[in-house]
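Heads up, data_28.cif below (mmCIF, C-alpha atoms):
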```
data_upload
#
loop_
_atom_site.label_atom_id
_atom_site.label_comp_id
_atom_site.auth_asym_id
_atom_site.auth_seq_id
_atom_site.Cartn_x
_atom_site.Cartn_y
_atom_site.Cartn_z
CA MET A 1 -98.47 85.31 -45.64
CA LYS A 2 -99.63 82.14 -47.33
CA LYS A 3 -96.23 80.50 -46.92
CA SER A 4 -96.12 81.46 -43.24
CA THR A 5 -99.53 79.89 -42.63
CA VAL A 6 -98.51 76.61 -44.30
CA LEU A 7 -95.26 76.48 -42.34
CA LEU A 8 -97.10 77.13 -39.09
CA GLY A 9 -99.50 74.27 -39.86
CA ILE A 10 -96.64 71.83 -40.51
CA VAL A 11 -94.86 72.77 -37.31
CA SER A 12 -98.11 72.41 -35.33
CA SER A 13 -98.76 68.94 -36.81
CA LEU A 14 -95.29 67.73 -35.95
CA PHE A 15 -95.62 69.04 -32.40
CA PHE A 16 -98.93 67.29 -31.71
CA SER A 17 -97.74 64.07 -33.39
CA ASN A 18 -94.66 63.91 -31.15
CA LEU A 19 -96.88 64.62 -28.16
CA LEU A 20 -99.18 61.69 -29.01
CA LEU A 21 -96.25 59.34 -29.64
CA ALA A 22 -94.76 60.29 -26.31
CA GLN A 23 -98.05 59.43 -24.63
CA GLU A 24 -98.43 56.04 -26.45
CA THR A 25 -94.85 54.79 -26.11
CA PRO A 26 -94.72 52.43 -23.04
CA SER A 27 -92.02 52.73 -20.45
CA ASN A 28 -89.34 50.10 -19.96
CA GLU A 29 -91.20 48.92 -16.85
CA ASP A 30 -94.40 48.43 -18.86
CA LEU A 31 -92.51 46.56 -21.56
CA LEU A 32 -91.00 44.20 -18.99
CA LYS A 33 -94.44 43.50 -17.49
CA ARG A 34 -95.88 42.71 -20.93
CA ILE A 35 -92.98 40.36 -21.71
CA GLU A 36 -93.38 38.57 -18.37
CA ALA A 37 -97.12 38.16 -18.97
CA LEU A 38 -96.49 36.68 -22.44
CA GLU A 39 -93.83 34.31 -21.06
CA ALA A 40 -96.16 33.19 -18.26
CA GLU A 41 -98.95 32.51 -20.75
CA LYS A 42 -96.56 30.56 -22.97
CA ALA A 43 -95.25 28.49 -20.02
CA LYS A 44 -98.74 27.75 -18.72
CA PRO A 45 -99.49 24.01 -19.18
CA LYS A 46 -102.01 23.19 -21.87
CA GLU A 47 -105.25 21.71 -20.61
CA TRP A 48 -105.24 19.30 -23.55
CA ASP A 49 -102.32 18.06 -25.56
CA ALA A 50 -101.70 15.14 -27.95
CA SER A 51 -98.78 13.78 -29.94
CA PHE A 52 -98.64 11.12 -32.66
CA TYR A 53 -95.86 8.56 -32.99
CA GLY A 54 -95.11 5.32 -34.78
CA TRP A 55 -92.99 3.78 -37.48
CA VAL A 56 -92.94 2.03 -40.82
CA ARG A 57 -91.25 -1.32 -40.27
CA THR A 58 -90.35 -3.91 -42.90
CA GLU A 59 -88.61 -7.25 -42.35
CA TYR A 60 -87.20 -9.85 -44.70
CA ASN A 61 -86.82 -13.30 -43.08
CA PHE A 62 -85.16 -16.49 -44.29
CA ASP A 63 -85.48 -19.76 -42.32
CA SER A 64 -83.51 -22.95 -42.90
CA ARG A 65 -86.17 -25.22 -41.28
CA GLN A 66 -89.92 -25.43 -40.76
CA SER A 67 -90.84 -23.92 -37.40
CA ALA A 68 -93.80 -23.12 -35.19
CA TYR A 69 -94.67 -19.53 -36.04
CA SER A 70 -97.29 -16.82 -35.94
CA ARG A 71 -98.51 -14.58 -38.80
CA GLU A 72 -97.06 -16.01 -41.99
CA MET A 73 -93.63 -17.01 -40.55
CA HIS A 74 -93.14 -13.53 -39.10
CA LEU A 75 -92.85 -14.52 -35.44
CA ASN A 76 -90.84 -17.74 -35.10
CA LEU A 77 -91.04 -19.86 -31.93
CA TYR A 78 -89.18 -23.20 -32.17
CA PRO A 79 -88.13 -25.63 -34.95
CA PHE A 80 -90.37 -28.62 -35.65
CA ASP A 81 -89.39 -32.18 -34.76
CA GLU A 82 -87.97 -34.50 -37.38
CA LYS A 83 -90.63 -35.86 -39.79
CA LEU A 84 -89.38 -38.63 -42.07
CA ASP A 85 -90.95 -39.56 -45.40
CA ALA A 86 -91.01 -43.02 -46.99
CA ASN A 87 -87.42 -42.53 -48.18
CA GLY A 88 -86.14 -41.53 -44.75
CA LYS A 89 -85.79 -37.83 -45.65
CA ASP A 90 -86.80 -35.16 -43.12
CA ILE A 91 -89.79 -33.26 -44.53
CA ASN A 92 -89.32 -30.42 -42.01
CA ALA A 93 -85.71 -29.83 -43.11
CA THR A 94 -87.05 -27.35 -45.66
CA GLY A 95 -86.46 -23.61 -45.60
CA GLY A 96 -88.67 -20.65 -46.44
CA SER A 97 -88.76 -16.86 -46.48
CA ASN A 98 -91.12 -13.91 -46.35
CA PHE A 99 -91.22 -10.13 -46.71
CA LEU A 100 -93.69 -8.33 -44.43
CA ALA A 101 -94.52 -4.84 -43.10
CA ILE A 102 -97.38 -5.84 -40.79
CA THR A 103 -95.60 -4.62 -37.64
CA SER A 104 -95.74 -1.02 -38.82
CA ARG A 105 -97.27 0.96 -35.97
CA VAL A 106 -99.18 4.13 -35.11
CA GLY A 107 -100.08 5.58 -31.74
CA ILE A 108 -101.21 8.69 -29.92
CA ARG A 109 -100.30 9.96 -26.46
CA PHE A 110 -102.55 12.53 -24.84
CA LYS A 111 -103.13 14.39 -21.60
CA GLY A 112 -105.94 16.48 -20.18
CA PRO A 113 -106.99 18.48 -17.13
CA ASP A 114 -106.12 17.14 -13.68
CA VAL A 115 -108.52 14.63 -12.14
CA TRP A 116 -108.89 14.59 -8.32
CA GLY A 117 -105.52 16.25 -8.04
CA ALA A 118 -103.80 13.73 -10.34
CA LYS A 119 -102.13 14.31 -13.69
CA ALA A 120 -104.30 12.58 -16.32
CA SER A 121 -102.81 10.99 -19.44
CA GLY A 122 -103.58 8.26 -21.94
CA ASN A 123 -102.25 6.20 -24.82
CA ILE A 124 -103.77 4.34 -27.79
CA GLU A 125 -101.57 2.24 -30.07
CA ALA A 126 -102.18 -0.20 -32.93
CA ASP A 127 -100.31 -2.16 -35.56
CA PHE A 128 -101.30 -4.40 -38.49
CA PHE A 129 -100.32 -7.80 -37.08
CA GLY A 130 -103.92 -8.99 -36.87
CA ASN A 131 -105.45 -11.22 -34.21
CA THR A 132 -106.00 -14.55 -35.98
CA GLU A 133 -103.82 -16.90 -37.98
CA LEU A 134 -104.27 -17.90 -41.62
CA ASN A 135 -106.28 -21.10 -41.97
CA LYS A 136 -104.45 -23.16 -44.58
CA SER A 137 -107.66 -24.98 -45.58
CA SER A 138 -109.76 -21.81 -45.97
CA ALA A 139 -108.77 -19.16 -48.52
CA GLY A 140 -109.03 -15.58 -47.32
CA SER A 141 -109.20 -16.53 -43.63
CA GLY A 142 -107.19 -14.94 -40.84
CA SER A 143 -106.66 -11.27 -40.02
CA THR A 144 -102.98 -10.83 -40.82
CA GLY A 145 -102.47 -7.30 -42.17
CA LEU A 146 -105.52 -5.88 -40.40
CA MET A 147 -105.28 -3.36 -37.56
CA ARG A 148 -104.81 -4.80 -34.08
CA LEU A 149 -105.12 -3.03 -30.73
CA ARG A 150 -101.89 -3.08 -28.71
CA HIS A 151 -102.31 -0.46 -26.00
CA ALA A 152 -105.32 1.52 -24.78
CA THR A 153 -104.71 2.99 -21.34
CA ALA A 154 -105.52 5.93 -19.10
CA THR A 155 -103.36 6.90 -16.11
CA LEU A 156 -103.99 9.09 -13.08
CA ALA A 157 -100.68 10.05 -11.47
CA TRP A 158 -100.29 11.67 -8.06
CA PRO A 159 -96.85 12.58 -6.62
CA LYS A 160 -96.30 9.06 -5.20
CA THR A 161 -99.18 6.96 -6.55
CA ALA A 162 -100.28 6.13 -10.10
CA VAL A 163 -103.30 4.16 -11.27
CA THR A 164 -103.42 2.76 -14.82
CA PHE A 165 -106.37 0.97 -16.37
CA GLY A 166 -107.00 -0.45 -19.84
CA GLN A 167 -105.01 -2.79 -22.06
CA THR A 168 -101.22 -2.80 -21.94
CA TRP A 169 -98.24 -5.15 -21.47
CA TYR A 170 -98.50 -8.17 -19.22
CA PRO A 171 -96.91 -6.92 -15.97
CA SER A 172 -94.22 -9.62 -16.24
CA PHE A 173 -93.11 -7.99 -19.51
CA VAL A 174 -90.83 -5.26 -18.15
CA ALA A 175 -90.77 -2.36 -20.63
CA ASP A 176 -87.33 -1.22 -19.43
CA VAL A 177 -85.82 -4.71 -19.51
CA PHE A 178 -86.64 -6.75 -22.62
CA PRO A 179 -84.38 -8.20 -25.35
CA GLY A 180 -83.12 -5.68 -27.88
CA VAL A 181 -83.15 -8.20 -30.75
CA ALA A 182 -84.06 -7.02 -34.25
CA ASN A 183 -86.49 -9.91 -34.75
CA PHE A 184 -90.12 -9.15 -33.87
CA ASN A 185 -90.14 -12.21 -31.59
CA THR A 186 -88.68 -9.91 -28.89
CA GLY A 187 -87.16 -12.93 -27.17
CA ILE A 188 -90.44 -14.87 -27.15
CA LEU A 189 -90.31 -18.31 -25.50
CA PHE A 190 -87.70 -16.93 -23.08
CA ASN A 191 -89.32 -13.60 -22.15
CA PRO A 192 -93.04 -13.07 -21.42
CA PHE A 193 -94.92 -11.31 -24.22
CA GLY A 194 -98.42 -9.95 -24.80
CA TRP A 195 -101.06 -7.52 -23.61
CA ALA A 196 -103.94 -7.85 -21.18
CA GLY A 197 -106.85 -5.82 -19.85
CA GLN A 198 -105.85 -4.72 -16.36
CA ILE A 199 -105.80 -2.24 -13.52
CA LYS A 200 -102.42 -1.35 -12.05
CA VAL A 201 -101.53 0.59 -8.91
CA ALA A 202 -97.91 1.77 -8.62
CA GLN A 203 -96.74 3.19 -5.30
CA LYS A 204 -93.37 4.95 -4.89
CA LEU A 205 -91.87 3.78 -1.60
CA THR A 206 -88.75 5.90 -2.19
CA PRO A 207 -87.63 7.92 -5.25
CA GLU A 208 -85.92 4.75 -6.55
CA LEU A 209 -88.18 1.97 -5.22
CA THR A 210 -91.68 1.25 -6.59
CA LEU A 211 -94.23 -1.39 -5.61
CA SER A 212 -96.75 -2.37 -8.32
CA LEU A 213 -99.94 -4.39 -7.83
CA VAL A 214 -101.87 -5.57 -10.89
CA ALA A 215 -105.09 -7.49 -11.55
CA TYR A 216 -105.48 -8.60 -15.17
CA LYS A 217 -107.37 -10.84 -17.59
CA ASP A 218 -105.83 -12.55 -20.64
CA ARG A 219 -107.07 -11.39 -24.04
CA GLU A 220 -105.09 -11.82 -27.26
CA PHE A 221 -102.69 -14.40 -25.87
CA GLN A 222 -104.28 -16.87 -23.46
CA THR A 223 -103.97 -20.29 -21.93
CA ALA A 224 -104.53 -23.47 -23.95
CA ASN A 225 -108.06 -24.83 -24.54
CA ALA A 226 -109.27 -27.94 -22.72
CA THR A 227 -111.51 -30.45 -24.51
CA GLY A 228 -114.87 -28.84 -25.23
CA ALA A 229 -113.64 -25.30 -24.50
CA SER A 230 -113.64 -22.29 -26.81
CA VAL A 231 -110.86 -19.74 -27.25
CA ASN A 232 -110.04 -17.94 -23.98
CA SER A 233 -112.95 -19.60 -22.16
CA ALA A 234 -110.66 -20.53 -19.24
CA THR A 235 -110.21 -16.82 -18.52
CA PHE A 236 -113.87 -15.91 -19.12
CA ASN A 237 -115.07 -18.70 -16.82
CA SER A 238 -112.84 -17.58 -13.97
CA SER A 239 -114.53 -15.29 -11.44
CA ILE A 240 -111.23 -13.74 -10.34
CA PRO A 241 -108.43 -12.10 -12.33
CA THR A 242 -104.75 -12.99 -12.23
CA PHE A 243 -102.98 -11.20 -9.36
CA HIS A 244 -99.48 -9.81 -9.82
CA GLY A 245 -97.04 -8.07 -7.47
CA GLN A 246 -93.69 -6.52 -8.40
CA LEU A 247 -90.97 -4.54 -6.62
CA GLN A 248 -88.65 -2.47 -8.81
CA TYR A 249 -85.53 -0.45 -7.97
CA LYS A 250 -84.43 2.06 -10.61
CA THR A 251 -81.61 4.60 -10.84
CA LYS A 252 -79.94 6.35 -13.77
CA THR A 253 -77.82 3.30 -14.64
CA VAL A 254 -79.48 0.33 -12.87
CA THR A 255 -82.95 -1.20 -13.11
CA THR A 256 -83.68 -4.35 -11.13
CA GLY A 257 -86.65 -6.08 -9.60
CA PHE A 258 -88.61 -9.23 -8.89
CA GLY A 259 -92.24 -10.29 -8.83
CA ALA A 260 -94.78 -13.07 -8.48
CA GLU A 261 -98.22 -14.01 -9.83
CA TYR A 262 -101.14 -16.19 -8.84
CA GLN A 263 -103.56 -17.36 -11.54
CA SER A 264 -106.76 -19.39 -11.16
CA LEU A 265 -108.47 -20.41 -14.41
CA LYS A 266 -111.57 -22.51 -15.07
CA PRO A 267 -111.06 -24.39 -18.36
CA VAL A 268 -114.69 -25.61 -18.73
CA ILE A 269 -118.05 -25.26 -16.99
CA GLU A 270 -119.25 -28.73 -18.02
CA SER A 271 -117.45 -32.07 -17.91
CA ALA A 272 -118.84 -35.60 -18.36
CA GLY A 273 -122.32 -34.10 -18.61
CA LEU A 274 -122.02 -32.50 -15.18
CA VAL A 275 -121.36 -29.00 -13.91
CA SER A 276 -117.60 -28.56 -13.57
CA ASN A 277 -115.96 -26.44 -10.88
CA GLU A 278 -112.45 -27.72 -11.61
CA LYS A 279 -109.74 -25.07 -11.86
CA VAL A 280 -106.10 -24.91 -12.89
CA ASN A 281 -104.24 -22.91 -10.23
CA SER A 282 -100.65 -21.81 -10.74
CA GLU A 283 -97.91 -19.54 -9.42
CA MET A 284 -95.09 -17.78 -11.24
CA PHE A 285 -91.91 -16.01 -10.05
CA PHE A 286 -89.46 -13.83 -11.97
CA GLY A 287 -86.54 -11.42 -11.55
CA TYR A 288 -84.54 -9.08 -13.79
CA PHE A 289 -81.54 -6.74 -13.93
CA LYS A 290 -80.33 -4.01 -16.31
CA TYR A 291 -77.18 -1.91 -16.33
CA ALA A 292 -76.86 0.87 -18.89
CA ASN A 293 -74.45 3.76 -19.42
CA ASP A 294 -73.31 5.72 -22.46
CA LYS A 295 -71.26 2.77 -23.74
CA ILE A 296 -73.05 -0.52 -22.95
CA ILE A 297 -76.50 -1.95 -22.16
CA THR A 298 -76.65 -5.27 -20.29
CA LYS A 299 -79.93 -7.05 -19.42
CA LEU A 300 -80.78 -10.30 -17.58
CA TYR A 301 -84.14 -11.97 -16.93
CA GLY A 302 -85.27 -15.25 -15.35
CA ILE A 303 -88.72 -16.79 -14.85
CA THR A 304 -90.18 -20.04 -13.46
CA GLY A 305 -93.72 -21.21 -12.83
CA GLY A 306 -96.76 -23.17 -13.92
CA ASN A 307 -99.03 -22.73 -16.94
CA LEU A 308 -96.98 -20.01 -18.71
CA HIS A 309 -98.82 -20.62 -21.99
CA HIS A 310 -100.50 -17.19 -21.94
CA LEU A 311 -97.09 -15.52 -21.86
CA VAL A 312 -96.25 -17.17 -25.23
CA MET A 313 -93.91 -19.61 -23.50
CA LEU A 314 -93.64 -23.39 -23.32
CA GLY A 315 -96.12 -25.31 -21.19
CA GLY A 316 -99.77 -25.15 -20.21
CA PHE A 317 -101.72 -27.67 -18.12
CA ALA A 318 -102.67 -31.35 -17.98
CA GLY A 319 -106.08 -33.00 -17.58
CA TYR A 320 -106.73 -35.90 -15.15
CA THR A 321 -109.80 -38.15 -15.06
CA GLU A 322 -111.60 -38.18 -11.70
CA PRO A 323 -113.70 -41.14 -10.35
CA ASN A 324 -116.93 -39.42 -11.49
CA GLY A 325 -115.57 -39.15 -15.04
CA GLN A 326 -114.90 -35.42 -14.87
CA GLU A 327 -111.58 -33.87 -15.78
CA SER A 328 -109.41 -32.04 -13.22
CA TYR A 329 -106.31 -29.98 -14.03
CA LYS A 330 -102.73 -29.28 -12.96
CA PRO A 331 -100.23 -26.81 -14.47
CA THR A 332 -97.06 -27.92 -16.21
CA LYS A 333 -93.83 -26.33 -15.00
CA THR A 334 -91.55 -24.19 -17.17
CA SER A 335 -88.35 -22.24 -16.51
CA ALA A 336 -86.50 -19.78 -18.75
CA PHE A 337 -83.78 -17.16 -18.70
CA TRP A 338 -82.05 -14.83 -21.15
CA VAL A 339 -79.20 -12.32 -21.39
CA ASP A 340 -78.75 -9.46 -23.87
CA VAL A 341 -75.65 -7.27 -24.26
CA ALA A 342 -75.50 -4.35 -26.70
CA SER A 343 -73.55 -1.22 -27.50
CA ALA A 344 -75.14 2.12 -26.61
CA ASN A 345 -73.54 3.88 -29.60
CA SER A 346 -75.97 6.27 -31.29
CA LYS A 347 -74.84 5.39 -34.84
CA VAL A 348 -73.63 1.77 -35.00
CA ALA A 349 -74.67 -0.56 -32.17
CA PRO A 350 -73.87 -4.31 -32.25
CA GLY A 351 -75.64 -6.65 -29.83
CA VAL A 352 -75.91 -10.32 -28.86
CA PHE A 353 -78.68 -12.38 -27.23
CA PHE A 354 -78.90 -15.83 -25.63
CA GLY A 355 -82.00 -17.50 -24.20
CA TYR A 356 -82.85 -20.92 -22.76
CA THR A 357 -86.10 -22.56 -21.66
CA LYS A 358 -86.84 -25.96 -20.08
CA ASN A 359 -89.99 -28.09 -19.89
CA SER A 360 -90.14 -29.54 -16.34
CA GLY A 361 -93.34 -31.51 -16.85
CA VAL A 362 -96.29 -32.21 -14.54
CA ASP A 363 -97.55 -34.84 -12.08
CA ALA A 364 -97.93 -38.34 -13.52
CA GLY A 365 -101.27 -39.86 -14.40
CA PHE A 366 -102.65 -37.26 -16.81
CA LYS A 367 -104.95 -38.21 -19.64
CA ASN A 368 -104.71 -35.06 -21.80
CA LEU A 369 -101.94 -32.51 -22.20
CA TYR A 370 -102.90 -28.94 -23.16
CA VAL A 371 -99.55 -27.29 -23.78
CA ARG A 372 -97.38 -25.38 -26.21
CA GLY A 373 -94.45 -27.51 -27.33
CA ALA A 374 -96.05 -30.94 -27.85
CA SER A 375 -96.91 -32.82 -31.02
CA GLY A 376 -98.69 -36.17 -30.70
CA ALA A 377 -96.53 -38.49 -28.61
CA ARG A 378 -93.56 -36.14 -28.84
CA VAL A 379 -92.74 -33.15 -26.63
CA LEU A 380 -90.03 -30.52 -26.31
CA ASP A 381 -87.40 -31.01 -23.64
CA ASP A 382 -85.68 -27.64 -24.04
CA VAL A 383 -85.06 -24.80 -26.48
CA TRP A 384 -82.17 -22.37 -26.73
CA ARG A 385 -81.53 -19.42 -29.03
CA ALA A 386 -78.47 -17.33 -29.83
CA SER A 387 -78.42 -14.26 -32.08
CA ALA A 388 -76.15 -11.42 -33.17
CA ARG A 389 -77.22 -8.10 -34.69
CA VAL A 390 -75.97 -4.67 -35.70
CA ASP A 391 -78.16 -1.57 -35.58
CA PHE A 392 -77.23 1.13 -38.10
CA LYS A 393 -78.97 4.34 -37.03
CA GLN A 394 -79.29 7.74 -38.68
CA ASN A 395 -81.76 10.19 -37.18
CA LYS A 396 -85.08 8.29 -37.21
CA PHE A 397 -83.92 5.72 -39.78
CA ASN A 398 -82.65 2.29 -38.71
CA ILE A 399 -81.35 -0.78 -40.57
CA SER A 400 -80.64 -3.94 -38.54
CA PRO A 401 -79.30 -7.19 -40.02
CA GLU A 402 -79.44 -10.17 -37.64
CA ILE A 403 -78.43 -13.84 -37.60
CA GLU A 404 -80.34 -16.10 -35.20
CA TYR A 405 -80.06 -19.82 -34.43
CA THR A 406 -82.80 -21.63 -32.49
CA ALA A 407 -82.17 -25.22 -31.33
CA ALA A 408 -84.73 -27.60 -29.84
CA THR A 409 -84.54 -31.08 -28.32
CA TRP A 410 -87.56 -33.33 -28.90
CA GLY A 411 -88.27 -36.66 -27.20
CA ASP A 412 -91.00 -39.20 -26.52
CA LEU A 413 -93.65 -38.00 -24.08
CA ASN A 414 -93.38 -39.76 -20.70
CA ALA A 415 -95.82 -40.08 -17.78
CA GLN A 416 -94.68 -36.75 -16.29
CA GLY A 417 -95.12 -34.75 -19.49
CA LYS A 418 -91.37 -34.63 -20.11
CA ALA A 419 -89.24 -35.72 -23.06
CA GLN A 420 -87.66 -39.15 -22.60
CA ASN A 421 -86.08 -41.60 -25.06
CA ASN A 422 -85.51 -41.15 -28.80
CA MET A 423 -84.17 -37.65 -28.23
CA LYS A 424 -83.63 -35.60 -31.35
CA ASP A 425 -81.87 -32.23 -31.73
CA VAL A 426 -83.06 -29.93 -34.52
CA GLY A 427 -82.20 -26.34 -35.35
CA ASN A 428 -83.35 -23.41 -37.44
CA LEU A 429 -81.09 -20.66 -38.78
CA ARG A 430 -82.94 -17.41 -39.38
CA ALA A 431 -81.29 -14.59 -41.34
CA MET A 432 -83.17 -11.33 -41.45
CA VAL A 433 -82.95 -7.61 -42.14
CA ARG A 434 -85.20 -5.10 -40.42
CA VAL A 435 -85.74 -1.57 -41.78
CA MET A 436 -87.54 1.07 -39.71
CA TYR A 437 -88.41 4.73 -40.20
CA SER A 438 -89.89 6.27 -37.07
CA PHE A 439 -91.89 9.42 -36.48
#
```

Entire entry expressed as structure tokens:
Amino acid sequence: MKKSTVLLGIVSSLFFSNLLLAQETPSNEDLLKRIEALEAEKAKPKEWDASFYGWVRTEYNFDSRQSAYSREMHLNLYPFDEKLDANGKDINATGGSNFLAITSRVGIRFKGPDVWGAKASGNIEADFFGNTELNKSSAGSGSTGLMRLRHATATLAWPKTAVTFGQTWYPSFVADVFPGVANFNTGILFNPFGWAGQIKVAQKLTPELTLSLVAYKDREFQTANATGASVNSATFNSSIPTFHGQLQYKTKTVTTGFGAEYQSLKPVIESAGLVSNEKVNSEMFFGYFKYANDKIITKLYGITGGNLHHLVMLGGFAGYTEPNGQESYKPTKTSAFWVDVASANSKVAPGVFFGYTKNSGVDAGFKNLYVRGASGARVLDDVWRASARVDFKQNKFNISPEIEYTAATWGDLNAQGKAQNNMKDVGNLRAMVRVMYSF
């Protein structure tokens, strides 16, 4: 009897357990609905998202000649003119080298909820290049090695219109079409370079054609200083920003475009003890082309205009004495072009670069010359640069040796701000190795 009771209890427990399991086990239809709900939740865009990026970058540079540079020889511009000592030897025919990691970089990209129907995103980026140069007569001066703001932007993007505001590249620096050189100079003197506070409106006219309008103010790189002016005062004193327009056509393999700028700066507010309303007004025009496929990348760029100093190029403006003793201003004219051809191989990619720039002077009769590329009574006529590199790439690691030669022609300054008589050709050979590890 006892055994029968126990057996009956076990059988009853098994029966009710199976009954409950049958009730709890979902059907195939329920399982599919649950899976679809989970997939939909997973695919749902995040309201907020952020991603970090950057790199550790180290460069070793060797130069055969003294050159105009920025940040402890890191960014070379052009070789200095001949400077003879009492024995007739050229003091500037002396080399140098340096080992720096100040262009290491960190940034964050982020996006948030839509704003007025537009996709909202932003970007903040910094490196350690600093903002001021070492003062050779003051120990511990300069900000080389300290963090420097590069980009700080927010963008609202609708299907055909995008508005960007903050600090980012000068609009004449085309992010899709710039020299692929290993050197941090990024083709400087031949290609515009730098960042500016701005507002940009980009309108898609077709899927391939975009019109961009930009209003910006110089910041880190700016025009030259007139007598009695402080750093960047010409921009601060101006009541209007620089206006830029650009039309770009872009497909999978081709990017091409052209643009123009108008800039009106006010170098000083006081001249000869009187209120000054004198301005330096200038225009600039540029065009570019890029062709890229899975084997080759070819890029071309050309630019011409007045007062290109703020783009880290040759030139600036000249000062003229008016009958009342005040100084008026006119821009000097500069032209430049470059070409860069490189392999698109993902492992070993050789490349070559050539750039040329010409000082075309200014109207005669100036008293002062506020330009890049002049030294006393001597001025640059032209500068050209040729370089060859090889990028060795493995995942996020990159080693790039490069040989670069920069040649400059100096001459006596004439009445039009050009080089004339006693012409002298000088050159600097730079050998470098760049190592980068990106994340």

Hits of the PyMOL selection byres ((chain A and resi 82) around 9) in this structure, as a list in words: Phe80, Asp81, Lys83, Leu84, Asp90, Ile91, Asn92, Ala93, Trp410, Lys424, Asp425 and Val426 of chain A

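The shortest atom-to-atom distance to Phe173 of chain A, with all atoms listed in the file taken into account, belongs to A:Phe193 out of A:Phe193, A:Tyr53, A:Tyr249, A:Phe337.
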
Which residue gives the smallest distance to Ser212 of chain A among A:Ser97, A:Ser238, A:Thr161, A:Gln66, with all atoms listed in the file counted? A:Thr161

Counting only C-alpha atoms, which residues come within 10 Å of (-84.7, 3.5, -10.6), with the point read in the file's coordinates, and could you list them as a ChimeraX atom specification? /A:206-210,248-257

With C-alpha atoms kept, could you save the residues just selected as an mmCIF file, in the coordinates of the input?
```cif
data_model
loop_
_atom_site.group_PDB
_atom_site.id
_atom_site.type_symbol
_atom_site.label_atom_id
_atom_site.label_comp_id
_atom_site.auth_asym_id
_atom_site.auth_seq_id
_atom_site.Cartn_x
_atom_site.Cartn_y
_atom_site.Cartn_z
ATOM 1 C CA THR A 206 -88.750 5.900 -2.190
ATOM 2 C CA PRO A 207 -87.630 7.920 -5.250
ATOM 3 C CA GLU A 208 -85.920 4.750 -6.550
ATOM 4 C CA LEU A 209 -88.180 1.970 -5.220
ATOM 5 C CA THR A 210 -91.680 1.250 -6.590
ATOM 6 C CA GLN A 248 -88.650 -2.470 -8.810
ATOM 7 C CA TYR A 249 -85.530 -0.450 -7.970
ATOM 8 C CA LYS A 250 -84.430 2.060 -10.610
ATOM 9 C CA THR A 251 -81.610 4.600 -10.840
ATOM 10 C CA LYS A 252 -79.940 6.350 -13.770
ATOM 11 C CA THR A 253 -77.820 3.300 -14.640
ATOM 12 C CA VAL A 254 -79.480 0.330 -12.870
ATOM 13 C CA THR A 255 -82.950 -1.200 -13.110
ATOM 14 C CA THR A 256 -83.680 -4.350 -11.130
ATOM 15 C CA GLY A 257 -86.650 -6.080 -9.600
#
```

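In terms of minimum interatomic distance to Glu404 of chain A, A:Asn185 ranks closest within A:Asn131, A:Ser121, A:Asn293, A:Asn185, counting all atoms listed in the file.
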
What is the atom CA of Gly302 of chain A-atom CA of Ala419 of chain A distance in Å, reported with one decimal? 22.2 Å

Counting only C-alpha atoms, the residue of A:Ser104, A:Thr168, A:Ser328, A:Thr144 that sits nearest Asn277 of chain A: A:Ser328

What would the selection look like, as a ChimeraX atom specification, if the PyMOL selection byres ((chain A and resi 306) around 8) were run on the coordinates I just shared? /A:282-284,304-305,307-308,315-317,331-334

Would you write out those residues with C-alpha atoms, as a PDB file, in the frame of the given file?
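Resulting contents of again_30.pdb:
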```
ATOM      1  CA  SER A 282    -100.650 -21.810 -10.740  1.00  0.00           C
ATOM      2  CA  GLU A 283     -97.910 -19.540  -9.420  1.00  0.00           C
ATOM      3  CA  MET A 284     -95.090 -17.780 -11.240  1.00  0.00           C
ATOM      4  CA  THR A 304     -90.180 -20.040 -13.460  1.00  0.00           C
ATOM      5  CA  GLY A 305     -93.720 -21.210 -12.830  1.00  0.00           C
ATOM      6  CA  ASN A 307     -99.030 -22.730 -16.940  1.00  0.00           C
ATOM      7  CA  LEU A 308     -96.980 -20.010 -18.710  1.00  0.00           C
ATOM      8  CA  GLY A 315     -96.120 -25.310 -21.190  1.00  0.00           C
ATOM      9  CA  GLY A 316     -99.770 -25.150 -20.210  1.00  0.00           C
ATOM     10  CA  PHE A 317    -101.720 -27.670 -18.120  1.00  0.00           C
ATOM     11  CA  PRO A 331    -100.230 -26.810 -14.470  1.00  0.00           C
ATOM     12  CA  THR A 332     -97.060 -27.920 -16.210  1.00  0.00           C
ATOM     13  CA  LYS A 333     -93.830 -26.330 -15.000  1.00  0.00           C
ATOM     14  CA  THR A 334     -91.550 -24.190 -17.170  1.00  0.00           C
TER      15      THR A 334
END
```

Apply the PyMOL selection byres ((chain A and resi 159) around 10) to the displayed file and report the matching residues as a PyMOL selection string. chain A and resi 117-119+157-158+160-162+203-204

Store the residues picked out above, limited to C-alpha atoms, as a PDB file, in the coordinates of the input.
```pdb
ATOM      1  CA  GLY A 117    -105.520  16.250  -8.040  1.00  0.00           C
ATOM      2  CA  ALA A 118    -103.800  13.730 -10.340  1.00  0.00           C
ATOM      3  CA  LYS A 119    -102.130  14.310 -13.690  1.00  0.00           C
ATOM      4  CA  ALA A 157    -100.680  10.050 -11.470  1.00  0.00           C
ATOM      5  CA  TRP A 158    -100.290  11.670  -8.060  1.00  0.00           C
ATOM      6  CA  LYS A 160     -96.300   9.060  -5.200  1.00  0.00           C
ATOM      7  CA  THR A 161     -99.180   6.960  -6.550  1.00  0.00           C
ATOM      8  CA  ALA A 162    -100.280   6.130 -10.100  1.00  0.00           C
ATOM      9  CA  GLN A 203     -96.740   3.190  -5.300  1.00  0.00           C
ATOM     10  CA  LYS A 204     -93.370   4.950  -4.890  1.00  0.00           C
TER      11      LYS A 204
END
```
